[in-house]
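> Below is the file target.csv, which contains CSV, C-alpha atoms and all ligand atoms.
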chain,number,residue,atom,x,y,z
A,1,MET,CA,-3.6,-28.1,9.9
A,2,GLU,CA,-4.0,-27.1,6.3
A,3,ASN,CA,-5.8,-24.0,7.5
A,4,THR,CA,-2.8,-23.1,9.7
A,5,LYS,CA,-0.5,-23.5,6.7
A,6,ALA,CA,-2.6,-21.3,4.5
A,7,ARG,CA,-2.7,-18.6,7.1
A,8,HIS,CA,1.0,-18.6,7.5
A,9,LYS,CA,1.4,-18.4,3.7
A,10,LEU,CA,-1.0,-15.5,3.7
A,11,PHE,CA,0.8,-13.8,6.5
A,12,PHE,CA,4.1,-14.0,4.8
A,13,SER,CA,2.8,-12.8,1.4
A,14,LEU,CA,1.0,-9.9,3.0
A,15,LEU,CA,4.0,-9.1,5.1
A,16,LEU,CA,5.9,-8.7,1.9
A,17,ALA,CA,3.3,-6.2,0.7
A,18,ALA,CA,3.5,-4.4,3.9
A,19,LEU,CA,7.2,-3.9,3.6
A,20,ALA,CA,6.6,-1.9,0.5
A,21,MET,CA,4.0,0.2,2.2
A,22,VAL,CA,4.4,3.2,4.4
A,23,ALA,CA,1.4,2.8,6.4
A,24,ILE,CA,1.0,2.8,10.0
A,25,TRP,CA,-2.1,2.8,12.1
A,26,GLY,CA,-1.6,4.4,15.4
A,27,CYS,CA,1.7,4.5,17.2
A,28,SER,CA,4.1,1.7,17.8
A,29,GLY,CA,3.9,0.2,21.3
A,30,GLY,CA,6.4,0.9,24.0
A,31,SER,CA,8.0,-2.5,23.9
A,32,SER,CA,11.5,-1.1,23.6
A,33,SER,CA,12.7,-0.3,27.0
A,34,ASN,CA,14.7,2.8,27.7
A,35,GLY,CA,16.5,1.0,30.5
A,36,ASP,CA,14.8,3.0,33.3
A,37,ASP,CA,14.2,0.4,35.9
A,38,ASN,CA,13.5,1.7,39.4
A,39,SER,CA,12.2,-1.5,40.9
A,40,GLY,CA,15.5,-3.2,41.4
A,41,ASP,CA,13.7,-6.4,40.5
A,42,THR,CA,15.4,-8.0,37.5
A,43,GLY,CA,12.3,-10.1,36.8
A,44,ASP,CA,12.4,-13.0,34.5
A,45,ASP,CA,13.0,-11.5,31.0
A,46,ALA,CA,12.3,-14.0,28.2
A,47,ASP,CA,15.1,-14.5,25.7
A,48,ALA,CA,14.4,-12.7,22.5
A,49,GLY,CA,13.0,-15.1,19.9
A,50,GLU,CA,11.5,-17.4,22.6
A,51,CYS,CA,7.8,-18.0,22.1
A,52,ALA,CA,5.7,-16.5,24.9
A,53,PRO,CA,2.5,-18.5,25.5
A,54,SER,CA,-0.6,-16.3,25.1
A,55,CYS,CA,-3.8,-17.6,26.7
A,56,GLY,CA,-5.3,-14.4,28.0
A,57,ALA,CA,-8.7,-15.2,29.3
A,58,ASN,CA,-8.8,-18.6,27.4
A,59,ASP,CA,-9.3,-21.7,29.5
A,60,CYS,CA,-8.5,-24.1,26.6
A,61,GLY,CA,-7.2,-24.4,23.1
A,62,ASP,CA,-3.9,-23.3,21.5
A,63,ASP,CA,-1.6,-21.1,23.4
A,64,GLY,CA,0.1,-19.8,20.3
A,65,CYS,CA,3.3,-21.7,20.9
A,66,GLY,CA,2.2,-25.2,20.1
A,67,GLY,CA,1.0,-25.8,23.7
A,68,THR,CA,-2.4,-25.7,25.2
A,69,CYS,CA,-4.2,-23.3,27.5
A,70,GLY,CA,-6.0,-26.2,29.2
A,71,GLU,CA,-8.2,-29.3,28.5
A,72,CYS,CA,-12.0,-29.4,28.8
A,73,SER,CA,-13.5,-32.0,31.1
A,74,GLY,CA,-16.3,-34.5,30.4
A,75,ASP,CA,-18.2,-33.9,27.2
A,76,ALA,CA,-17.4,-30.2,27.0
A,77,VAL,CA,-15.6,-28.9,23.9
A,78,CYS,CA,-13.3,-26.0,23.4
A,79,VAL,CA,-15.0,-23.1,21.6
A,80,SER,CA,-13.0,-20.0,21.1
A,81,GLY,CA,-10.9,-20.6,24.2
A,82,LYS,CA,-13.9,-21.5,26.5
A,83,CYS,CA,-15.1,-24.9,27.5
A,84,GLU,CA,-18.7,-25.4,26.4
A,85,SER,CA,-21.1,-28.3,26.9
A,86,GLY,CA,-24.3,-29.0,25.2
A,87,CYS,CA,-22.8,-28.7,21.7
A,88,SER,CA,-20.7,-31.2,19.7
A,89,ASN,CA,-18.4,-29.1,17.5
A,90,ASP,CA,-19.3,-31.7,14.9
A,91,CYS,CA,-19.2,-30.8,11.1
A,92,THR,CA,-20.3,-34.3,9.8
A,93,GLY,CA,-22.4,-33.8,6.7
A,94,LYS,CA,-21.5,-30.1,6.5
A,95,GLU,CA,-19.0,-28.6,4.1
A,96,CYS,CA,-19.7,-25.0,5.1
A,97,GLY,CA,-21.5,-22.9,7.6
A,98,ASN,CA,-21.3,-23.3,11.4
A,99,ASN,CA,-21.7,-26.4,13.6
A,100,ASP,CA,-23.9,-26.3,16.7
A,101,CYS,CA,-21.1,-24.8,18.7
A,102,GLY,CA,-21.0,-21.9,16.3
A,103,THR,CA,-17.6,-23.0,14.9
A,104,SER,CA,-17.2,-22.7,11.2
A,105,CYS,CA,-17.2,-26.0,9.2
A,106,GLY,CA,-15.6,-24.3,6.2
A,107,ALA,CA,-16.1,-21.8,3.5
A,108,CYS,CA,-17.5,-22.5,0.0
A,109,ALA,CA,-15.3,-22.1,-3.1
A,110,LEU,CA,-15.6,-18.8,-4.9
A,111,GLY,CA,-18.8,-18.6,-6.8
A,112,TYR,CA,-20.7,-20.8,-4.4
A,113,GLU,CA,-22.8,-20.0,-1.3
A,114,CYS,CA,-23.6,-22.0,1.7
A,115,ASN,CA,-27.2,-23.4,2.0
A,116,SER,CA,-28.0,-25.6,4.9
A,117,GLY,CA,-24.4,-26.7,5.3
A,118,LEU,CA,-23.8,-27.4,1.6
A,119,CYS,CA,-22.1,-25.3,-1.1
A,120,GLU,CA,-24.4,-24.4,-4.0
A,121,LEU,CA,-23.8,-22.3,-7.0
A,122,ASP,CA,-24.3,-18.6,-6.2
A,123,LEU,CA,-26.5,-17.3,-9.1
A,124,THR,CA,-25.4,-13.8,-8.3
A,125,GLY,CA,-21.7,-14.7,-8.5
A,126,LYS,CA,-19.5,-13.3,-11.2
A,127,TRP,CA,-17.5,-15.6,-13.6
A,128,THR,CA,-14.9,-14.8,-16.2
A,129,VAL,CA,-15.7,-16.5,-19.5
A,130,THR,CA,-12.6,-17.2,-21.7
A,131,LEU,CA,-12.6,-18.7,-25.2
A,132,THR,CA,-9.6,-21.0,-25.2
A,133,THR,CA,-9.2,-23.3,-28.2
A,134,GLY,CA,-11.2,-25.0,-30.9
A,135,THR,CA,-11.1,-27.6,-33.7
A,136,ILE,CA,-12.6,-26.8,-37.2
A,137,SER,CA,-13.4,-29.3,-39.8
A,138,GLU,CA,-11.2,-29.3,-42.9
A,139,THR,CA,-14.1,-28.9,-45.3
A,140,ASP,CA,-17.3,-26.8,-45.3
A,141,PRO,CA,-20.9,-28.1,-45.8
A,142,SER,CA,-20.3,-28.3,-49.5
A,143,ASP,CA,-17.3,-30.6,-48.8
A,144,GLU,CA,-14.9,-28.0,-50.1
A,145,ALA,CA,-12.2,-26.0,-48.5
A,146,TRP,CA,-13.4,-23.1,-46.4
A,147,ASP,CA,-11.4,-20.6,-48.5
A,148,VAL,CA,-10.8,-20.6,-52.3
A,149,PRO,CA,-8.5,-22.0,-53.5
A,150,GLY,CA,-8.0,-24.7,-50.8
A,151,GLY,CA,-7.4,-22.3,-47.9
A,152,MET,CA,-7.9,-23.0,-44.2
A,153,PRO,CA,-10.6,-21.3,-42.2
A,154,ASP,CA,-10.1,-18.0,-40.3
A,155,ALA,CA,-12.3,-18.7,-37.4
A,156,PHE,CA,-13.9,-16.2,-34.9
A,157,VAL,CA,-16.6,-16.8,-32.3
A,158,CYS,CA,-19.4,-14.6,-31.3
A,159,VAL,CA,-21.1,-14.9,-27.9
A,160,THR,CA,-24.3,-13.3,-26.6
A,161,VAL,CA,-25.0,-13.2,-22.9
A,162,ASP,CA,-27.9,-11.3,-21.3
A,163,GLY,CA,-28.5,-9.6,-24.7
A,164,GLN,CA,-24.9,-8.4,-25.1
A,165,GLU,CA,-23.0,-9.7,-28.1
A,166,ALA,CA,-19.2,-9.8,-28.4
A,167,CYS,CA,-16.9,-11.5,-30.9
A,168,SER,CA,-13.4,-12.9,-30.5
A,169,PRO,CA,-10.5,-11.9,-32.7
A,170,THR,CA,-9.9,-14.1,-35.8
A,171,ALA,CA,-7.5,-17.0,-35.7
A,172,ASP,CA,-6.1,-16.9,-39.3
A,173,ASP,CA,-5.6,-20.0,-41.4
A,174,THR,CA,-5.8,-22.8,-38.9
A,175,LEU,CA,-8.0,-25.8,-38.1
A,176,SER,CA,-6.8,-25.6,-34.4
A,177,PRO,CA,-7.4,-22.1,-33.3
A,178,ASN,CA,-6.0,-21.0,-29.9
A,179,TRP,CA,-7.7,-17.7,-29.1
A,180,ASP,CA,-7.3,-17.3,-25.3
A,181,HIS,CA,-9.8,-14.5,-25.5
A,182,ASP,CA,-11.4,-13.2,-22.4
A,183,PHE,CA,-15.1,-12.3,-22.9
A,184,GLY,CA,-15.3,-10.6,-19.5
A,185,THR,CA,-17.2,-11.1,-16.4
A,186,VAL,CA,-20.8,-12.5,-16.3
A,187,ALA,CA,-23.3,-13.4,-13.6
A,188,ALA,CA,-23.8,-17.1,-13.1
A,189,SER,CA,-27.6,-16.6,-13.6
A,190,ASP,CA,-27.0,-15.3,-17.1
A,191,LEU,CA,-24.8,-18.3,-18.0
A,192,VAL,CA,-27.4,-20.7,-16.6
A,193,ALA,CA,-30.1,-18.8,-18.6
A,194,GLY,CA,-28.1,-19.6,-21.8
A,195,VAL,CA,-25.1,-18.4,-23.9
A,196,GLU,CA,-25.7,-17.9,-27.6
A,197,VAL,CA,-22.6,-19.0,-29.6
A,198,SER,CA,-21.9,-18.8,-33.3
A,199,ILE,CA,-18.7,-19.7,-35.1
A,200,TRP,CA,-17.6,-18.0,-38.4
A,201,ASP,CA,-14.9,-18.1,-41.1
A,202,GLU,CA,-13.8,-14.6,-41.8
A,203,ASP,CA,-13.7,-13.8,-45.5
A,204,LEU,CA,-13.0,-10.7,-47.5
A,205,SER,CA,-16.6,-10.3,-48.4
A,206,ASP,CA,-19.4,-12.3,-46.7
A,207,ASP,CA,-18.1,-14.4,-43.8
A,208,ASP,CA,-19.0,-18.1,-43.9
A,209,VAL,CA,-21.0,-19.7,-41.1
A,210,ILE,CA,-19.1,-22.6,-39.5
A,211,CYS,CA,-21.7,-23.1,-36.8
A,212,GLY,CA,-25.0,-21.2,-36.8
A,213,GLU,CA,-26.2,-19.7,-33.6
A,214,GLY,CA,-27.0,-22.2,-30.8
A,215,THR,CA,-27.8,-21.7,-27.2
A,216,ILE,CA,-25.8,-23.4,-24.4
A,217,ALA,CA,-27.2,-23.4,-20.9
A,218,VAL,CA,-24.2,-23.6,-18.6
A,219,LYS,CA,-24.8,-26.4,-16.1
A,220,ASN,CA,-23.7,-27.0,-12.5
A,221,GLU,CA,-21.1,-29.5,-13.6
A,222,ASP,CA,-19.7,-27.0,-16.1
A,223,PHE,CA,-19.2,-24.4,-13.3
A,224,ALA,CA,-17.6,-27.2,-11.1
A,225,SER,CA,-15.2,-28.3,-13.9
A,226,GLY,CA,-14.4,-24.8,-15.0
A,227,HIS,CA,-15.2,-25.2,-18.6
A,228,PHE,CA,-17.9,-25.8,-21.2
A,229,ASP,CA,-17.9,-26.5,-25.0
A,230,ALA,CA,-19.9,-25.4,-28.0
A,231,GLU,CA,-20.1,-27.6,-31.0
A,232,CYS,CA,-21.8,-28.4,-34.3
A,233,GLU,CA,-21.0,-30.7,-37.2
A,234,TYR,CA,-18.1,-28.5,-38.4
A,235,ALA,CA,-16.4,-27.3,-35.2
A,236,VAL,CA,-16.0,-27.5,-31.5
A,237,VAL,CA,-14.9,-24.6,-29.4
A,238,ASN,CA,-13.9,-24.6,-25.7
A,239,PHE,CA,-14.5,-22.1,-23.0
A,240,SER,CA,-13.1,-21.8,-19.5
A,241,LEU,CA,-15.0,-20.4,-16.5
A,242,SER,CA,-13.4,-19.0,-13.4
A,243,ALA,CA,-15.2,-17.3,-10.5
A,244,VAL,CA,-14.1,-13.9,-9.5
A,245,CYS,CA,-14.8,-11.4,-6.7
A,246,THR,CA,-13.7,-7.9,-5.9
A,247,VAL,CA,-11.8,-7.4,-2.7
A,248,GLY,CA,-13.7,-5.4,-0.2
A,249,GLU,CA,-17.1,-6.0,-1.8
A,250,ALA,CA,-19.8,-8.2,-0.3
A,251,CYS,CA,-20.3,-11.4,-2.3
A,252,GLY,CA,-23.2,-13.4,-1.0
A,253,ALA,CA,-25.1,-13.4,2.3
A,254,GLY,CA,-22.7,-12.6,5.1
A,255,LYS,CA,-19.6,-12.9,2.9
A,256,ALA,CA,-17.1,-10.5,1.5
A,257,CYS,CA,-14.2,-10.8,-1.0
A,258,TYR,CA,-10.7,-11.1,0.5
A,259,TYR,CA,-7.3,-11.8,-0.9
A,260,TYR,CA,-6.6,-15.2,0.7
A,261,ALA,CA,-4.0,-17.9,0.0
A,262,ASP,CA,-2.7,-16.2,-3.2
A,263,GLY,CA,-6.2,-15.8,-4.7
A,264,PHE,CA,-9.5,-14.0,-4.3
A,265,ALA,CA,-12.1,-15.7,-2.2
A,266,CYS,CA,-15.6,-14.9,-0.9
A,267,LEU,CA,-15.4,-15.7,2.8
A,268,THR,CA,-17.7,-15.2,5.7
A,269,ALA,CA,-17.1,-11.6,6.6
A,270,GLY,CA,-15.5,-10.8,9.9
A,271,THR,CA,-16.6,-8.2,12.5
A,272,LYS,CA,-13.4,-6.2,13.1
A,273,ASP,CA,-13.6,-2.6,12.0
A,274,ILE,CA,-11.1,-0.5,10.2
A,275,GLY,CA,-8.1,0.2,12.4
A,276,GLU,CA,-8.7,-2.8,14.8
A,277,PRO,CA,-6.1,-5.5,15.2
A,278,CYS,CA,-6.7,-8.7,13.2
A,279,GLY,CA,-5.0,-12.0,12.4
A,280,ALA,CA,-6.3,-13.0,9.0
A,281,ALA,CA,-7.9,-11.2,6.0
A,282,ALA,CA,-11.4,-12.3,6.7
A,283,ASP,CA,-11.3,-11.2,10.3
A,284,CYS,CA,-12.2,-7.7,9.0
A,285,THR,CA,-15.7,-6.5,8.2
A,286,VAL,CA,-17.0,-6.0,4.6
A,287,GLY,CA,-15.0,-3.3,2.9
A,288,ALA,CA,-11.8,-3.9,4.9
A,289,THR,CA,-9.0,-6.5,4.9
A,290,CYS,CA,-6.2,-7.4,7.3
A,291,LEU,CA,-2.7,-6.3,6.5
A,292,ASP,CA,0.6,-5.8,8.4
A,293,GLY,CA,0.8,-2.1,9.2
A,294,GLY,CA,4.4,-2.3,10.3
A,295,ASP,CA,3.6,-2.6,14.0
A,296,GLY,CA,1.1,-5.4,13.8
A,297,MET,CA,-1.9,-6.6,11.7
A,298,TYR,CA,-4.8,-4.2,11.3
A,299,CYS,CA,-7.9,-3.9,9.3
A,300,PHE,CA,-7.4,-1.5,6.4
A,301,GLN,CA,-10.2,0.1,4.4
A,302,VAL,CA,-10.2,-1.3,0.8
A,303,CYS,CA,-10.5,1.6,-1.6
A,304,SER,CA,-11.0,2.3,-5.3
A,305,GLY,CA,-12.1,5.1,-7.6
A,306,ALA,CA,-15.7,4.5,-6.6
A,307,ASN,CA,-14.9,4.0,-3.0
A,308,PRO,CA,-12.3,6.7,-2.0
A,309,CYS,CA,-10.5,7.1,1.3
A,310,GLY,CA,-11.7,9.7,3.7
A,311,GLY,CA,-9.8,12.1,5.9
A,312,ASN,CA,-6.0,12.1,6.2
A,313,SER,CA,-5.3,9.0,4.1
A,314,SER,CA,-4.6,8.0,0.5
A,315,CYS,CA,-5.5,5.0,-1.6
A,316,GLU,CA,-2.3,2.9,-2.1
A,317,ASP,CA,-1.8,-0.3,-4.2
A,318,THR,CA,-0.9,-3.4,-2.2
A,319,GLY,CA,0.5,-5.2,-5.2
A,320,PHE,CA,-2.1,-7.9,-4.9
A,321,GLY,CA,-4.7,-6.4,-7.2
A,322,PHE,CA,-6.4,-4.2,-4.7
A,323,LYS,CA,-5.8,-0.9,-2.9
A,324,VAL,CA,-6.2,0.1,0.7
A,325,CYS,CA,-6.4,3.4,2.5
A,326,VAL,CA,-3.0,4.4,4.1
A,327,ALA,CA,-2.6,7.1,6.7
A,328,ASN,CA,-0.6,10.1,5.3
B,401,CA,CA,-14.4,-18.8,-46.5
B,402,CA,CA,-8.1,-18.5,-44.7
B,403,CA,CA,-11.6,-17.3,-44.6
Show me this structure written as structure tokens.

Amino acid sequence: MENTKARHKLFFSLLLAALAMVAIWGCSGGSSSNGDDNSGDTGDDADAGECAPSCGANDCGDDGCGGTCGECSGDAVCVSGKCESGCSNDCTGKECGNNDCGTSCGACALGYECNSGLCELDLTGKWTVTLTTGTISETDPSDEAWDVPGGMPDAFVCVTVDGQEACSPTADDTLSPNWDHDFGTVAASDLVAGVEVSIWDEDLSDDDVICGEGTIAVKNEDFASGHFDAECEYAVVNFSLSAVCTVGEACGAGKACYYYADGFACLTAGTKDIGEPCGAAADCTVGATCLDGGDGMYCFQVCSGANPCGGNSSCEDTGFGFKVCVAN
């Protein structure tokens, strides 16, 4: 049920985006009658707004209107609208991947990949590292104020990941700095290998060391909780971690990055190609995503400077942090 809700939410938010777009794949269908009816048979026209059950070739499962297309007999289970026996549709013990009927048991959180039905840290996944807050001791190792005469420290933090050093801005005259400084995006493997952190008091001439350089190996529980700390006798500083992906790009085996339920998520990539009808973002193949084109949901090509649109289309912003190719 939660899945259904999430899908509806996505549909509406993407619908809003679509309203601002001028994009149409193909022509609109001929659903509006011009009144030319030669048959003399009035038929049984459904009232506008009434839900029309849609089972197509399905023998079981949801009919799209809250009803069912049929029940399966015996120990058969409904798999994609067909009754199948010999599989259980059971996801017990699995948090991701497919069950033995081939139905998905769920997708892993961003930054994680599915291994044998369990979600594990994806070492190739990208994470944003943000220096949030800290606490600095009132006095330095000589038991005196950090600044003369009696001044509070002006702390900044330097971080080295995979050989690249970067330093935060300075938080002037405070024992409780609040930097909220984004150090950028780093591969999980580099965080696991170790982050070198040093904490300094900025001075006019030589800066004072608050915490000399130490190496922190980011652990599984740090990724799970979304933060880690660095501390020494004179200070503790806090970092937040959040997994990121880029819409349209592959992110792990068989997965791609989609805009999904108001965020970015690495989901099992769909098989529908650009221009094909779709129902949810991840129905589309790597490099595409599902949007309302005005006359229905279609897979649009995700584009960027490095991945331009071809032919008679242009790269247009969806308003959700990514762009898609829109027919001119
Ligand atoms: Ca000082
Ligand atoms: Ca100061
Ligand atoms: Ca200072």
> Record the distance separating atom CA of Ser142 of chain A and atom CA of Ser205 of chain A, expressed in Å with one decimal.
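Atom CA of Ser205 of chain A lies 18.4 Å from atom CA of Ser142 of chain A.
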> What does the list of residues within 12 Å of ligand CA 403 (chain B) look like if you count only C-alpha atoms and all ligand atoms, written as a count of residues only?
31
> Could you name the residues that touch Glu316 of chain A at 8 Å or less, counting only C-alpha atoms, but leaving out those on the same chain fewer than 5 positions away, as a PyMOL selection string?
chain A and resi 323-326
> Can you tell me, as a PDB file with C-alpha atoms, keeping the file's coordinate frame, what residues are no more than 9 Å from Lys255 of chain A when counting all atoms listed in the file, ignoring any on the same chain fewer than 4 positions away?

ATOM      1  CA  GLU A 113     -22.800 -20.000  -1.300  1.00  0.00           C
ATOM      2  CA  GLU A 249     -17.100  -6.000  -1.800  1.00  0.00           C
ATOM      3  CA  ALA A 250     -19.800  -8.200  -0.300  1.00  0.00           C
ATOM      4  CA  CYS A 251     -20.300 -11.400  -2.300  1.00  0.00           C
ATOM      5  CA  CYS A 266     -15.600 -14.900  -0.900  1.00  0.00           C
ATOM      6  CA  LEU A 267     -15.400 -15.700   2.800  1.00  0.00           C
ATOM      7  CA  THR A 268     -17.700 -15.200   5.700  1.00  0.00           C
ATOM      8  CA  ALA A 269     -17.100 -11.600   6.600  1.00  0.00           C
ATOM      9  CA  GLY A 270     -15.500 -10.800   9.900  1.00  0.00           C
ATOM     10  CA  VAL A 286     -17.000  -6.000   4.600  1.00  0.00           C
TER      11      VAL A 286
END
> Could you check which of A:Asp190, A:Glu233, A:Asp283, A:Glu165 is closest to Cys211 of chain A, using only C-alpha atoms?
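Going through A:Asp190, A:Glu233, A:Asp283, A:Glu165 one by one, the smallest distance to Cys211 of chain A is for A:Glu233.
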> With only C-alpha atoms and all ligand atoms as the basis for distance, which of A:Gly67, A:Gly275, A:Pro141, A:Pro177 is at the shortest distance from ligand CA 401 (chain B)?
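Of A:Gly67, A:Gly275, A:Pro141, A:Pro177, the one nearest ligand CA 401 (chain B) is A:Pro141, counting only C-alpha atoms and all ligand atoms.
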> How many Å lie between atom CA of Thr135 of chain A and atom CA of Ser189 of chain A, rounded to one decimal?
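Atom CA of Ser189 of chain A lies 28.2 Å from atom CA of Thr135 of chain A.
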> With all atoms listed in the file as the basis for distance, which of A:Asp182, A:Glu138, A:Glu221, A:Glu276 is at the shortest distance from ligand CA 402 (chain B)?
A:Glu138
> For Asp222 of chain A, which of A:Cys72, A:Ile136, A:Asp317, A:Val129 is the closest residue, counting only C-alpha atoms?
A:Val129
> Find the residue from A:Pro53, A:Gly134, A:Gly74, A:Gly294 that sits nearest to Asn238 of chain A; use all atoms listed in the file when measuring.
A:Gly134
> Hey, could you patch up segment 166-180 of chain A with N, CA and C atoms and hand it over as a PDB file, in the frame of the given file?

ATOM      1  N   ALA A 166     -20.624 -10.124 -28.176  1.00  0.00           N
ATOM      2  CA  ALA A 166     -19.200  -9.800 -28.400  1.00  0.00           C
ATOM      3  C   ALA A 166     -18.579 -10.885 -29.190  1.00  0.00           C
ATOM      4  N   CYS A 167     -17.573 -10.536 -30.014  1.00  0.00           N
ATOM      5  CA  CYS A 167     -16.900 -11.500 -30.900  1.00  0.00           C
ATOM      6  C   CYS A 167     -15.419 -11.548 -30.545  1.00  0.00           C
ATOM      7  N   SER A 168     -14.838 -12.722 -30.721  1.00  0.00           N
ATOM      8  CA  SER A 168     -13.400 -12.900 -30.500  1.00  0.00           C
ATOM      9  C   SER A 168     -12.608 -12.344 -31.656  1.00  0.00           C
ATOM     10  N   PRO A 169     -11.310 -12.191 -31.499  1.00  0.00           N
ATOM     11  CA  PRO A 169     -10.500 -11.900 -32.700  1.00  0.00           C
ATOM     12  C   PRO A 169     -10.481 -13.159 -33.584  1.00  0.00           C
ATOM     13  N   THR A 170      -9.958 -13.003 -34.795  1.00  0.00           N
ATOM     14  CA  THR A 170      -9.900 -14.100 -35.800  1.00  0.00           C
ATOM     15  C   THR A 170      -8.576 -14.834 -35.664  1.00  0.00           C
ATOM     16  N   ALA A 171      -8.674 -16.174 -35.679  1.00  0.00           N
ATOM     17  CA  ALA A 171      -7.500 -17.000 -35.700  1.00  0.00           C
ATOM     18  C   ALA A 171      -7.244 -17.400 -37.175  1.00  0.00           C
ATOM     19  N   ASP A 172      -6.257 -16.793 -37.827  1.00  0.00           N
ATOM     20  CA  ASP A 172      -6.100 -16.900 -39.300  1.00  0.00           C
ATOM     21  C   ASP A 172      -5.557 -18.323 -39.665  1.00  0.00           C
ATOM     22  N   ASP A 173      -6.153 -18.871 -40.723  1.00  0.00           N
ATOM     23  CA  ASP A 173      -5.600 -20.000 -41.400  1.00  0.00           C
ATOM     24  C   ASP A 173      -5.211 -21.188 -40.520  1.00  0.00           C
ATOM     25  N   THR A 174      -6.154 -21.653 -39.728  1.00  0.00           N
ATOM     26  CA  THR A 174      -5.800 -22.800 -38.900  1.00  0.00           C
ATOM     27  C   THR A 174      -7.093 -23.630 -38.592  1.00  0.00           C
ATOM     28  N   LEU A 175      -6.878 -24.951 -38.471  1.00  0.00           N
ATOM     29  CA  LEU A 175      -8.000 -25.800 -38.100  1.00  0.00           C
ATOM     30  C   LEU A 175      -7.978 -26.025 -36.542  1.00  0.00           C
ATOM     31  N   SER A 176      -6.934 -25.494 -35.873  1.00  0.00           N
ATOM     32  CA  SER A 176      -6.800 -25.600 -34.400  1.00  0.00           C
ATOM     33  C   SER A 176      -6.586 -24.254 -33.774  1.00  0.00           C
ATOM     34  N   PRO A 177      -7.599 -23.407 -33.847  1.00  0.00           N
ATOM     35  CA  PRO A 177      -7.400 -22.100 -33.300  1.00  0.00           C
ATOM     36  C   PRO A 177      -7.143 -22.073 -31.801  1.00  0.00           C
ATOM     37  N   ASN A 178      -6.328 -21.135 -31.362  1.00  0.00           N
ATOM     38  CA  ASN A 178      -6.000 -21.000 -29.900  1.00  0.00           C
ATOM     39  C   ASN A 178      -6.200 -19.475 -29.643  1.00  0.00           C
ATOM     40  N   TRP A 179      -7.415 -19.117 -29.233  1.00  0.00           N
ATOM     41  CA  TRP A 179      -7.700 -17.700 -29.100  1.00  0.00           C
ATOM     42  C   TRP A 179      -7.269 -17.127 -27.754  1.00  0.00           C
ATOM     43  N   ASP A 180      -7.523 -17.856 -26.671  1.00  0.00           N
ATOM     44  CA  ASP A 180      -7.300 -17.300 -25.300  1.00  0.00           C
ATOM     45  C   ASP A 180      -7.861 -15.937 -25.167  1.00  0.00           C
TER      46      ASP A 180
END
